[in-house]
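Dumped protein16.csv below, it's CSV, C-alpha atoms and all ligand atoms:
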```
chain,number,residue,atom,x,y,z
D,1367,MET,CA,18.2,-8.2,-1.9
D,1368,ALA,CA,17.8,-11.7,-0.4
D,1369,LEU,CA,21.1,-13.4,0.7
D,1370,THR,CA,22.0,-17.1,0.0
D,1371,GLY,CA,22.5,-19.5,2.9
D,1372,LEU,CA,26.3,-19.3,2.3
D,1373,GLU,CA,26.4,-15.5,2.3
D,1374,ILE,CA,24.4,-15.5,5.6
D,1375,PHE,CA,26.7,-18.1,7.1
D,1376,LYS,CA,29.7,-15.8,6.5
D,1377,LEU,CA,28.0,-13.2,8.7
D,1378,LEU,CA,27.4,-15.6,11.6
D,1379,PRO,CA,29.9,-16.0,14.5
D,1380,ASN,CA,30.7,-19.7,13.7
D,1381,LYS,CA,30.6,-20.7,17.4
D,1382,ASN,CA,28.3,-23.7,16.7
D,1383,CYS,CA,26.9,-23.4,20.2
D,1384,GLY,CA,23.4,-24.4,19.4
D,1385,GLU,CA,21.7,-21.6,21.4
D,1386,CYS,CA,19.6,-20.8,18.4
D,1387,ASP,CA,18.0,-24.3,18.6
D,1388,VAL,CA,19.9,-25.7,15.7
D,1389,PRO,CA,23.3,-27.4,16.2
D,1390,THR,CA,25.4,-25.4,13.8
D,1391,CYS,CA,25.7,-21.9,12.4
D,1392,LEU,CA,25.5,-23.4,8.9
D,1393,ALA,CA,22.1,-25.0,9.7
D,1394,PHE,CA,20.9,-21.7,11.2
D,1395,ALA,CA,22.1,-19.8,8.1
D,1396,MET,CA,20.0,-22.2,5.9
D,1397,LYS,CA,17.0,-21.6,8.1
D,1398,LEU,CA,17.4,-17.8,7.8
D,1399,ALA,CA,17.8,-18.1,4.0
D,1400,GLY,CA,14.5,-20.1,3.9
D,1401,LYS,CA,12.9,-17.5,6.1
D,1402,ILE,CA,11.9,-20.0,8.8
D,1403,ALA,CA,14.1,-18.4,11.5
D,1404,GLU,CA,14.7,-14.9,12.9
D,1405,SER,CA,18.2,-13.6,13.1
D,1406,GLN,CA,17.5,-12.4,16.7
D,1407,ALA,CA,17.5,-16.1,17.7
D,1408,CYS,CA,21.4,-15.9,17.7
D,1409,PRO,CA,22.6,-13.8,20.6
D,1410,TYR,CA,26.1,-13.5,19.2
D,1411,ILE,CA,25.5,-11.8,15.8
D,1412,SER,CA,27.5,-8.5,15.6
D,1413,ASP,CA,25.5,-5.3,15.1
D,1414,GLU,CA,27.1,-4.8,11.7
D,1415,ALA,CA,26.0,-8.3,10.6
D,1416,MET,CA,22.5,-7.7,12.1
D,1417,GLU,CA,22.2,-4.6,10.0
D,1418,ILE,CA,23.1,-6.4,6.8
D,1419,LEU,CA,20.7,-9.3,7.6
D,1420,GLY,CA,17.9,-6.9,8.5
D,1421,ALA,CA,18.2,-5.0,5.2
D,1422,ALA,CA,18.3,-8.3,3.3
D,1423,GLN,CA,15.2,-9.6,5.1
D,1424,THR,CA,13.1,-6.5,4.5
D,1425,PRO,CA,10.7,-7.0,1.6
D,1426,PRO,CA,11.6,-4.7,-1.4
D,1427,ILE,CA,8.0,-3.5,-1.4
D,1428,LYS,CA,6.9,-1.7,1.7
D,1429,LYS,CA,4.0,-3.1,3.7
D,1430,ILE,CA,1.1,-0.7,4.3
D,1431,THR,CA,-1.7,-1.7,6.7
D,1432,PHE,CA,-5.3,-0.4,6.8
D,1433,LYS,CA,-8.3,-0.8,9.0
D,1434,ASN,CA,-11.5,-2.2,7.5
D,1435,GLY,CA,-13.8,-2.3,10.4
D,1436,GLU,CA,-12.2,-4.7,12.9
D,1437,LYS,CA,-10.2,-6.3,10.1
D,1438,GLU,CA,-6.6,-5.3,9.2
D,1439,ILE,CA,-5.8,-5.3,5.5
D,1440,SER,CA,-2.3,-4.9,4.1
D,1441,ILE,CA,-0.8,-4.2,0.7
D,1442,GLY,CA,2.8,-4.6,-0.4
D,1443,ALA,CA,5.5,-6.7,1.4
D,1444,GLU,CA,5.9,-8.7,-1.8
D,1445,THR,CA,9.2,-10.4,-2.5
D,1446,VAL,CA,8.6,-11.9,-5.9
D,1447,MET,CA,7.7,-10.4,-9.3
D,1448,PHE,CA,5.2,-13.0,-10.3
D,1449,ARG,CA,2.8,-15.2,-8.2
D,1450,HIS,CA,4.2,-18.4,-9.8
D,1451,GLU,CA,7.7,-17.7,-8.5
D,1452,LYS,CA,6.6,-18.2,-4.9
D,1453,THR,CA,3.5,-16.4,-3.7
D,1454,PHE,CA,2.0,-13.0,-3.3
D,1455,VAL,CA,1.7,-12.2,0.4
D,1456,ASN,CA,-1.2,-9.7,0.2
D,1457,GLN,CA,-4.1,-9.7,-2.1
D,1458,THR,CA,-4.6,-6.8,-4.5
D,1459,LEU,CA,-7.3,-4.5,-3.2
D,1460,ILE,CA,-10.3,-3.6,-5.4
D,1461,ALA,CA,-11.9,-0.2,-5.3
D,1462,LEU,CA,-15.1,1.1,-6.9
D,1463,GLU,CA,-15.3,4.8,-7.6
D,1464,ILE,CA,-18.2,7.2,-6.8
D,1465,ALA,CA,-18.4,10.9,-7.9
D,1466,ASP,CA,-19.2,13.6,-5.3
D,1467,ASN,CA,-21.4,15.5,-7.7
D,1468,LEU,CA,-24.3,13.1,-7.6
D,1469,SER,CA,-27.4,14.3,-5.8
D,1470,ALA,CA,-27.9,13.1,-2.2
D,1471,GLU,CA,-30.4,10.4,-3.3
D,1472,GLU,CA,-28.3,9.2,-6.3
D,1473,PHE,CA,-25.2,9.1,-4.0
D,1474,GLU,CA,-26.9,7.0,-1.4
D,1475,ASN,CA,-28.3,4.6,-4.0
D,1476,GLU,CA,-24.9,4.2,-5.6
D,1477,LEU,CA,-23.3,3.6,-2.2
D,1478,LYS,CA,-25.9,0.8,-1.5
D,1479,ARG,CA,-25.0,-0.7,-4.8
D,1480,ILE,CA,-21.3,-0.7,-4.0
D,1481,GLU,CA,-21.9,-2.0,-0.5
D,1482,SER,CA,-23.8,-5.0,-1.8
D,1483,TYR,CA,-21.5,-5.7,-4.8
D,1484,LYS,CA,-19.9,-9.1,-4.7
D,1485,TYR,CA,-18.0,-11.0,-7.4
D,1486,GLU,CA,-16.6,-14.5,-7.8
D,1487,ARG,CA,-13.0,-15.6,-8.6
D,1488,VAL,CA,-12.3,-19.3,-8.9
D,1489,GLY,CA,-14.9,-20.2,-6.4
D,1490,GLU,CA,-14.2,-17.4,-4.0
D,1491,ARG,CA,-16.8,-14.8,-3.2
D,1492,LEU,CA,-15.0,-11.4,-3.1
D,1493,GLU,CA,-16.1,-7.8,-2.6
D,1494,PRO,CA,-14.3,-4.5,-3.1
D,1495,GLU,CA,-12.4,-3.5,0.0
D,1496,CYS,CA,-12.2,0.2,-1.0
D,1497,ILE,CA,-14.4,3.1,-2.2
D,1498,SER,CA,-12.8,5.9,-4.1
D,1499,LEU,CA,-14.6,9.3,-3.6
D,1500,LYS,CA,-13.8,11.4,-6.7
D,1501,ASN,CA,-13.8,15.1,-6.3
D,1502,VAL,CA,-15.7,16.3,-9.3
D,1503,SER,CA,-17.7,19.2,-7.8
D,1504,ASP,CA,-14.5,21.0,-6.4
D,1505,ASP,CA,-16.8,22.1,-3.6
D,1506,LYS,CA,-15.2,21.4,-0.2
D,1507,ASN,CA,-18.4,21.3,1.8
D,1508,ASN,CA,-20.1,19.0,-0.7
D,1509,TYR,CA,-17.1,16.7,-0.8
D,1510,LEU,CA,-16.8,16.5,3.0
D,1511,LEU,CA,-20.5,15.8,3.3
D,1512,LYS,CA,-20.3,12.9,0.9
D,1513,LEU,CA,-17.2,11.7,2.8
D,1514,GLU,CA,-19.2,11.7,6.0
D,1515,THR,CA,-22.0,9.8,4.3
D,1516,ILE,CA,-19.5,7.1,3.2
D,1517,GLN,CA,-18.0,6.9,6.6
D,1518,SER,CA,-21.4,6.4,8.3
D,1519,LYS,CA,-22.6,3.8,5.8
D,1520,THR,CA,-19.6,1.5,5.2
D,1521,GLU,CA,-16.5,0.2,6.9
D,1522,LYS,CA,-14.5,0.0,3.6
D,1523,ILE,CA,-11.2,1.8,3.1
D,1524,ILE,CA,-11.8,5.2,1.6
D,1525,ILE,CA,-9.7,6.6,-1.2
D,1526,LEU,CA,-9.9,10.4,-1.5
D,1527,SER,CA,-9.3,11.2,-5.2
D,1528,ASP,CA,-8.4,14.5,-6.9
D,1529,CYS,CA,-8.5,16.5,-3.7
D,1530,ASN,CA,-6.9,19.9,-3.0
D,1531,SER,CA,-5.0,20.7,0.2
D,1532,GLU,CA,-8.0,22.3,1.9
D,1533,ILE,CA,-10.1,19.2,1.5
D,1534,ILE,CA,-7.3,17.0,2.6
D,1535,LYS,CA,-6.7,19.0,5.8
D,1536,GLU,CA,-10.4,18.8,6.9
D,1537,ALA,CA,-10.9,15.2,5.7
D,1538,MET,CA,-8.1,14.1,8.1
D,1539,GLN,CA,-10.1,15.5,11.0
D,1540,LEU,CA,-13.1,13.4,9.9
D,1541,VAL,CA,-11.8,10.0,9.1
D,1542,ASP,CA,-9.5,7.6,11.0
D,1543,SER,CA,-6.0,7.9,9.4
D,1544,LYS,CA,-5.8,4.1,9.2
D,1545,ARG,CA,-8.7,4.0,6.9
D,1546,ILE,CA,-7.8,6.4,4.1
D,1547,ILE,CA,-5.6,6.8,1.1
D,1548,PHE,CA,-5.0,10.0,-0.9
D,1549,ASN,CA,-5.1,9.6,-4.6
D,1550,ARG,CA,-4.2,12.0,-7.5
D,1551,VAL,CA,-3.7,14.8,-5.1
D,1552,GLN,CA,-3.8,18.3,-6.7
D,1553,ASN,CA,-0.6,19.5,-5.0
D,1554,LEU,CA,1.9,16.9,-4.0
D,1555,GLU,CA,4.3,19.3,-2.1
D,1556,GLU,CA,1.5,20.8,0.0
D,1557,THR,CA,0.0,17.4,0.7
D,1558,LEU,CA,3.3,16.0,1.8
D,1559,LYS,CA,3.6,18.8,4.4
D,1560,ILE,CA,0.1,18.1,5.7
D,1561,VAL,CA,0.3,14.3,5.9
D,1562,SER,CA,3.9,13.7,6.7
D,1563,ASP,CA,3.3,13.2,10.5
D,1564,THR,CA,0.5,10.7,9.9
D,1565,GLN,CA,2.2,8.8,7.0
D,1566,ILE,CA,-1.3,8.4,5.5
D,1567,PRO,CA,-0.5,6.7,2.2
D,1568,ILE,CA,-0.5,8.7,-1.1
D,1569,VAL,CA,-0.9,7.2,-4.5
D,1570,ILE,CA,1.7,8.8,-6.7
D,1571,GLN,CA,0.3,9.0,-10.2
D,1572,ALA,CA,2.3,10.0,-13.2
D,1573,LYS,CA,2.2,10.0,-17.0
D,1574,ASN,CA,5.4,8.0,-17.4
D,1575,ILE,CA,8.2,6.5,-15.4
D,1576,GLU,CA,10.4,9.7,-15.6
D,1577,GLU,CA,7.6,11.8,-14.1
D,1578,LEU,CA,7.0,9.1,-11.5
D,1579,PHE,CA,10.7,9.0,-10.5
D,1580,GLU,CA,10.7,12.8,-10.0
D,1581,LYS,CA,7.6,12.6,-7.7
D,1582,VAL,CA,8.9,9.7,-5.7
D,1583,THR,CA,12.3,11.5,-5.2
D,1584,LYS,CA,10.3,14.4,-3.8
D,1585,CYS,CA,8.6,12.1,-1.3
D,1586,GLU,CA,11.8,10.4,-0.3
D,1587,SER,CA,13.6,13.7,0.2
D,1588,GLN,CA,10.9,14.4,2.9
D,1589,ASN,CA,11.3,11.0,4.4
D,1590,PHE,CA,7.8,10.0,3.2
D,1591,LYS,CA,7.7,6.3,2.4
D,1592,ASN,CA,4.0,5.3,2.3
D,1593,ILE,CA,3.6,5.6,-1.4
D,1594,ILE,CA,1.7,3.6,-3.9
D,1595,LEU,CA,3.0,3.9,-7.5
D,1596,SER,CA,0.8,4.3,-10.5
D,1597,ILE,CA,1.4,5.2,-14.1
D,1598,ASP,CA,-1.5,6.3,-16.4
D,1599,PHE,CA,-2.8,3.7,-18.9
D,1600,ASN,CA,-5.2,3.6,-21.8
D,1601,ASN,CA,-6.1,-0.1,-21.7
D,1602,LEU,CA,-5.6,-3.3,-19.7
D,1603,ASN,CA,-2.5,-4.3,-21.6
D,1604,GLU,CA,-0.8,-1.0,-20.7
D,1605,LEU,CA,-1.8,-1.4,-17.1
D,1606,LEU,CA,-0.3,-4.9,-16.9
D,1607,GLU,CA,2.9,-3.7,-18.6
D,1608,ASN,CA,3.2,-0.7,-16.3
D,1609,ASN,CA,2.7,-2.8,-13.2
D,1610,VAL,CA,5.4,-5.3,-14.2
D,1611,TYR,CA,7.7,-2.4,-15.0
D,1612,LEU,CA,7.1,-0.7,-11.6
D,1613,ARG,CA,7.7,-4.0,-9.8
D,1614,ARG,CA,11.0,-4.5,-11.6
K,1,LIG,S1,23.4,-19.3,18.3
K,1,LIG,FE1,24.6,-18.2,16.8
K,1,LIG,S2,26.6,-18.9,17.2
K,1,LIG,FE2,25.3,-20.4,18.2
K,1,LIG,S3,25.0,-21.9,16.6
K,1,LIG,FE3,23.3,-20.5,16.5
K,1,LIG,S4,24.0,-19.1,14.9
K,1,LIG,FE4,25.8,-20.2,15.6
```
Write out the structure in this file as structure tokens.
Ligand code: SF4
Amino acid sequence: MALTGLEIFKLLPNKNCGECDVPTCLAFAMKLAGKIAESQACPYISDEAMEILGAAQTPPIKKITFKNGEKEISIGAETVMFRHEKTFVNQTLIALEIADNLSAEEFENELKRIESYKYERVGERLEPECISLKNVSDDKNNYLLKLETIQSKTEKIIILSDCNSEIIKEAMQLVDSKRIIFNRVQNLEETLKIVSDTQIPIVIQAKNIEELFEKVTKCESQNFKNIILSIDFNNLNELLENNVYLRR
């Protein structure tokens, strides 16, 4: 949780030496509270105080970074619940989904449509940053073939949806780990074992908050932190409610 200037001041050495480029520890504490200075600028802060300051400065929502061609795209790292309180640091990513059971021709046409899709939001031209490949066929070879097609035709982030562990293992050999997300995995325990070294993000989907809590606890017990939380919804109202609930 963020600390106030006064709380930070109590952790500082109170030498008022000016080596942090401000004349007093109190002024430095205020800069730290306003997030316009780094605690490392003071060479005299104790390890214990540094630990407390570090924890307070870490955003409550973890940052996850992806590669989209040459571009880096991040999600998370938010510090406020609503945009009007301060700002959201990273824009919400938009994905369009494509099923793997389309014929080769239909699949390529759909992919072209997704690649060229643009939309406008208050004067800004935007495009989806991600494509979700939904495993409908449950045929590993077919799924991987479609995955290769996406990889060769677009630089978007790829969300692999509804996959079993066999597909996940092989998909990891095909696509750069900085470019994928696993979504609605068929077996969470097995997937965690497969992806834990790479920390490829997993969307943890659940019917309700209790089920979500159980699944997240499982991930945390294996020191897996790159998780994106999601609760099922029936309409946009429920989606909004769930997202506010999750953020809280
Ligand atoms: S360098 Fe540290 S001790 Fe010196 S004024 Fe800045 S905060 Fe205080």
task: Go through D:Glu1495, D:Glu1486, D:Glu1385, D:Glu1474 and flag the residue nearest Leu1511 in chain D, using all atoms listed in the file for the distances.
output: D:Glu1474
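Counting all atoms listed in the file and comparing D:Thr1557, D:Gln1552, D:Ser1531, D:Asn1475, the residue that lies closest to Thr1515 in chain D is D:Asn1475.
Between CA of Phe1599 in chain D and CA of Val1561 in chain D lies a distance of 27.1 Å.
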field: All residues having an atom within 12 Å of ligand LIG 1 (chain K) (all atoms listed in the file) as a PyMOL selection string
entry: chain D and resi 1374-1398+1403-1412+1415-1416
Dump of C-alpha atoms for the selected residues, as an mmCIF file, keeping the file's coordinate frame:
```cif
data_model
loop_
_atom_site.group_PDB
_atom_site.id
_atom_site.type_symbol
_atom_site.label_atom_id
_atom_site.label_comp_id
_atom_site.auth_asym_id
_atom_site.auth_seq_id
_atom_site.Cartn_x
_atom_site.Cartn_y
_atom_site.Cartn_z
ATOM 1 C CA ILE D 1374 24.400 -15.500 5.600
ATOM 2 C CA PHE D 1375 26.700 -18.100 7.100
ATOM 3 C CA LYS D 1376 29.700 -15.800 6.500
ATOM 4 C CA LEU D 1377 28.000 -13.200 8.700
ATOM 5 C CA LEU D 1378 27.400 -15.600 11.600
ATOM 6 C CA PRO D 1379 29.900 -16.000 14.500
ATOM 7 C CA ASN D 1380 30.700 -19.700 13.700
ATOM 8 C CA LYS D 1381 30.600 -20.700 17.400
ATOM 9 C CA ASN D 1382 28.300 -23.700 16.700
ATOM 10 C CA CYS D 1383 26.900 -23.400 20.200
ATOM 11 C CA GLY D 1384 23.400 -24.400 19.400
ATOM 12 C CA GLU D 1385 21.700 -21.600 21.400
ATOM 13 C CA CYS D 1386 19.600 -20.800 18.400
ATOM 14 C CA ASP D 1387 18.000 -24.300 18.600
ATOM 15 C CA VAL D 1388 19.900 -25.700 15.700
ATOM 16 C CA PRO D 1389 23.300 -27.400 16.200
ATOM 17 C CA THR D 1390 25.400 -25.400 13.800
ATOM 18 C CA CYS D 1391 25.700 -21.900 12.400
ATOM 19 C CA LEU D 1392 25.500 -23.400 8.900
ATOM 20 C CA ALA D 1393 22.100 -25.000 9.700
ATOM 21 C CA PHE D 1394 20.900 -21.700 11.200
ATOM 22 C CA ALA D 1395 22.100 -19.800 8.100
ATOM 23 C CA MET D 1396 20.000 -22.200 5.900
ATOM 24 C CA LYS D 1397 17.000 -21.600 8.100
ATOM 25 C CA LEU D 1398 17.400 -17.800 7.800
ATOM 26 C CA ALA D 1403 14.100 -18.400 11.500
ATOM 27 C CA GLU D 1404 14.700 -14.900 12.900
ATOM 28 C CA SER D 1405 18.200 -13.600 13.100
ATOM 29 C CA GLN D 1406 17.500 -12.400 16.700
ATOM 30 C CA ALA D 1407 17.500 -16.100 17.700
ATOM 31 C CA CYS D 1408 21.400 -15.900 17.700
ATOM 32 C CA PRO D 1409 22.600 -13.800 20.600
ATOM 33 C CA TYR D 1410 26.100 -13.500 19.200
ATOM 34 C CA ILE D 1411 25.500 -11.800 15.800
ATOM 35 C CA SER D 1412 27.500 -8.500 15.600
ATOM 36 C CA ALA D 1415 26.000 -8.300 10.600
ATOM 37 C CA MET D 1416 22.500 -7.700 12.100
#
```
Residue neighbourhood Glu1521 in chain D, 10 Å, all atoms listed in the file, exclusion window fewer than 5 positions, as a ChimeraX atom specification: /D:1433-1437,1481,1495-1497,1516,1545
- prompt: Of the candidates D:Leu1513, D:Ile1525, D:Ile1402, D:Ala1572, which one gets nearest to Leu1554 in chain D if we count all atoms listed in the file?
  reply: D:Ala1572
message: Taking (-13.5, 21.7, 3.6) in the coordinates of the supplied file, I want to know which residues reach to within 6 Å of it, counting only C-alpha atoms; could you give the answer as a list in words?
response: Lys1506, Asn1507, Glu1532, Ile1533 and Glu1536 of chain D
Include C-alpha atoms and write out the residues we just selected as a PDB file, in the frame of the given file.
```pdb
ATOM      1  CA  LYS D1506     -15.200  21.400  -0.200  1.00  0.00           C
ATOM      2  CA  ASN D1507     -18.400  21.300   1.800  1.00  0.00           C
ATOM      3  CA  GLU D1532      -8.000  22.300   1.900  1.00  0.00           C
ATOM      4  CA  ILE D1533     -10.100  19.200   1.500  1.00  0.00           C
ATOM      5  CA  GLU D1536     -10.400  18.800   6.900  1.00  0.00           C
TER       6      GLU D1536
END
```
- prompt: Suppose you want the space between CA of Leu1372 in chain D and CA of Gly1400 in chain D; what is it in Å?
  reply: 11.9 Å
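Restricting the calculation to only C-alpha atoms, the smallest distance between Asn1467 in chain D and any of D:Val1582, D:Ile1524, D:Leu1612, D:Leu1510 is found for D:Leu1510.
Proximity to Glu1463 in chain D was assessed for D:Lys1500, D:Lys1484, D:Arg1491, D:Lys1478 counting only C-alpha atoms; the smallest distance is recorded for D:Lys1500.
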query: Got a sec to check which residues sit within 12 Å of (6.9, -6.8, 3.8), counting only C-alpha atoms, and write them as a ChimeraX atom specification?
result: /D:1420-1431,1440-1446,1454-1456
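What separates CA of Ser1527 in chain D from CA of Leu1468 in chain D is a distance of 15.3 Å.
Each of D:Ile1560, D:Val1551, D:Tyr1483, D:Lys1522 was compared to Gln1539 in chain D using only C-alpha atoms, and D:Ile1560 turns out to be the nearest.
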Neighbouring residues of Leu1578 in chain D were defined as those with any atom within 8 Å, considering only C-alpha atoms; residues of the same chain fewer than 4 positions away were excluded. Please report them as a PDB file with C-alpha atoms, in the coordinates of the input.
```
ATOM      1  CA  ILE D1570       1.700   8.800  -6.700  1.00  0.00           C
ATOM      2  CA  GLN D1571       0.300   9.000 -10.200  1.00  0.00           C
ATOM      3  CA  ALA D1572       2.300  10.000 -13.200  1.00  0.00           C
ATOM      4  CA  LYS D1573       2.200  10.000 -17.000  1.00  0.00           C
ATOM      5  CA  ASN D1574       5.400   8.000 -17.400  1.00  0.00           C
ATOM      6  CA  VAL D1582       8.900   9.700  -5.700  1.00  0.00           C
ATOM      7  CA  LEU D1595       3.000   3.900  -7.500  1.00  0.00           C
ATOM      8  CA  SER D1596       0.800   4.300 -10.500  1.00  0.00           C
ATOM      9  CA  ILE D1597       1.400   5.200 -14.100  1.00  0.00           C
TER      10      ILE D1597
END
```
With N, CA, C and O atoms as the target, complete range 1378-1391 of chain D and hand it back as a PDB file, in the coordinates of the input.
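Below you can see rebuild00.pdb, which holds the result:
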```pdb
ATOM      1  N   LEU D1378      27.709 -15.032  10.263  1.00  0.00           N
ATOM      2  CA  LEU D1378      27.400 -15.600  11.600  1.00  0.00           C
ATOM      3  C   LEU D1378      28.746 -15.843  12.364  1.00  0.00           C
ATOM      4  O   LEU D1378      29.823 -15.945  11.762  1.00  0.00           O
ATOM      5  N   PRO D1379      28.662 -15.944  13.714  1.00  0.00           N
ATOM      6  CA  PRO D1379      29.900 -16.000  14.500  1.00  0.00           C
ATOM      7  C   PRO D1379      30.665 -17.336  14.442  1.00  0.00           C
ATOM      8  O   PRO D1379      31.798 -17.423  14.917  1.00  0.00           O
ATOM      9  N   ASN D1380      30.055 -18.382  13.850  1.00  0.00           N
ATOM     10  CA  ASN D1380      30.700 -19.700  13.700  1.00  0.00           C
ATOM     11  C   ASN D1380      31.130 -20.301  15.034  1.00  0.00           C
ATOM     12  O   ASN D1380      32.188 -20.925  15.152  1.00  0.00           O
ATOM     13  N   LYS D1381      30.302 -20.130  16.068  1.00  0.00           N
ATOM     14  CA  LYS D1381      30.600 -20.700  17.400  1.00  0.00           C
ATOM     15  C   LYS D1381      29.979 -22.145  17.495  1.00  0.00           C
ATOM     16  O   LYS D1381      30.356 -22.916  18.368  1.00  0.00           O
ATOM     17  N   ASN D1382      28.978 -22.409  16.638  1.00  0.00           N
ATOM     18  CA  ASN D1382      28.300 -23.700  16.700  1.00  0.00           C
ATOM     19  C   ASN D1382      27.839 -24.088  18.101  1.00  0.00           C
ATOM     20  O   ASN D1382      28.012 -25.231  18.529  1.00  0.00           O
ATOM     21  N   CYS D1383      27.301 -23.126  18.815  1.00  0.00           N
ATOM     22  CA  CYS D1383      26.900 -23.400  20.200  1.00  0.00           C
ATOM     23  C   CYS D1383      25.542 -23.977  20.382  1.00  0.00           C
ATOM     24  O   CYS D1383      25.198 -24.514  21.418  1.00  0.00           O
ATOM     25  N   GLY D1384      24.705 -23.852  19.352  1.00  0.00           N
ATOM     26  CA  GLY D1384      23.400 -24.400  19.400  1.00  0.00           C
ATOM     27  C   GLY D1384      22.323 -23.624  20.160  1.00  0.00           C
ATOM     28  O   GLY D1384      21.182 -24.053  20.314  1.00  0.00           O
ATOM     29  N   GLU D1385      22.677 -22.436  20.618  1.00  0.00           N
ATOM     30  CA  GLU D1385      21.700 -21.600  21.400  1.00  0.00           C
ATOM     31  C   GLU D1385      20.523 -21.148  20.558  1.00  0.00           C
ATOM     32  O   GLU D1385      19.532 -20.680  21.082  1.00  0.00           O
ATOM     33  N   CYS D1386      20.658 -21.205  19.244  1.00  0.00           N
ATOM     34  CA  CYS D1386      19.600 -20.800  18.400  1.00  0.00           C
ATOM     35  C   CYS D1386      18.618 -21.954  18.043  1.00  0.00           C
ATOM     36  O   CYS D1386      17.783 -21.869  17.152  1.00  0.00           O
ATOM     37  N   ASP D1387      18.807 -23.060  18.813  1.00  0.00           N
ATOM     38  CA  ASP D1387      18.000 -24.300  18.600  1.00  0.00           C
ATOM     39  C   ASP D1387      18.285 -25.086  17.417  1.00  0.00           C
ATOM     40  O   ASP D1387      17.507 -25.972  17.041  1.00  0.00           O
ATOM     41  N   VAL D1388      19.372 -24.783  16.722  1.00  0.00           N
ATOM     42  CA  VAL D1388      19.900 -25.700  15.700  1.00  0.00           C
ATOM     43  C   VAL D1388      21.369 -25.924  16.039  1.00  0.00           C
ATOM     44  O   VAL D1388      22.012 -25.045  16.609  1.00  0.00           O
ATOM     45  N   PRO D1389      21.916 -27.114  15.717  1.00  0.00           N
ATOM     46  CA  PRO D1389      23.300 -27.400  16.200  1.00  0.00           C
ATOM     47  C   PRO D1389      24.405 -26.608  15.661  1.00  0.00           C
ATOM     48  O   PRO D1389      25.417 -26.419  16.342  1.00  0.00           O
ATOM     49  N   THR D1390      24.266 -26.105  14.433  1.00  0.00           N
ATOM     50  CA  THR D1390      25.400 -25.400  13.800  1.00  0.00           C
ATOM     51  C   THR D1390      24.997 -24.066  13.235  1.00  0.00           C
ATOM     52  O   THR D1390      23.830 -23.852  12.887  1.00  0.00           O
ATOM     53  N   CYS D1391      26.004 -23.196  13.047  1.00  0.00           N
ATOM     54  CA  CYS D1391      25.700 -21.900  12.400  1.00  0.00           C
ATOM     55  C   CYS D1391      25.285 -22.098  10.965  1.00  0.00           C
ATOM     56  O   CYS D1391      24.460 -21.349  10.457  1.00  0.00           O
TER      57      CYS D1391
END
```
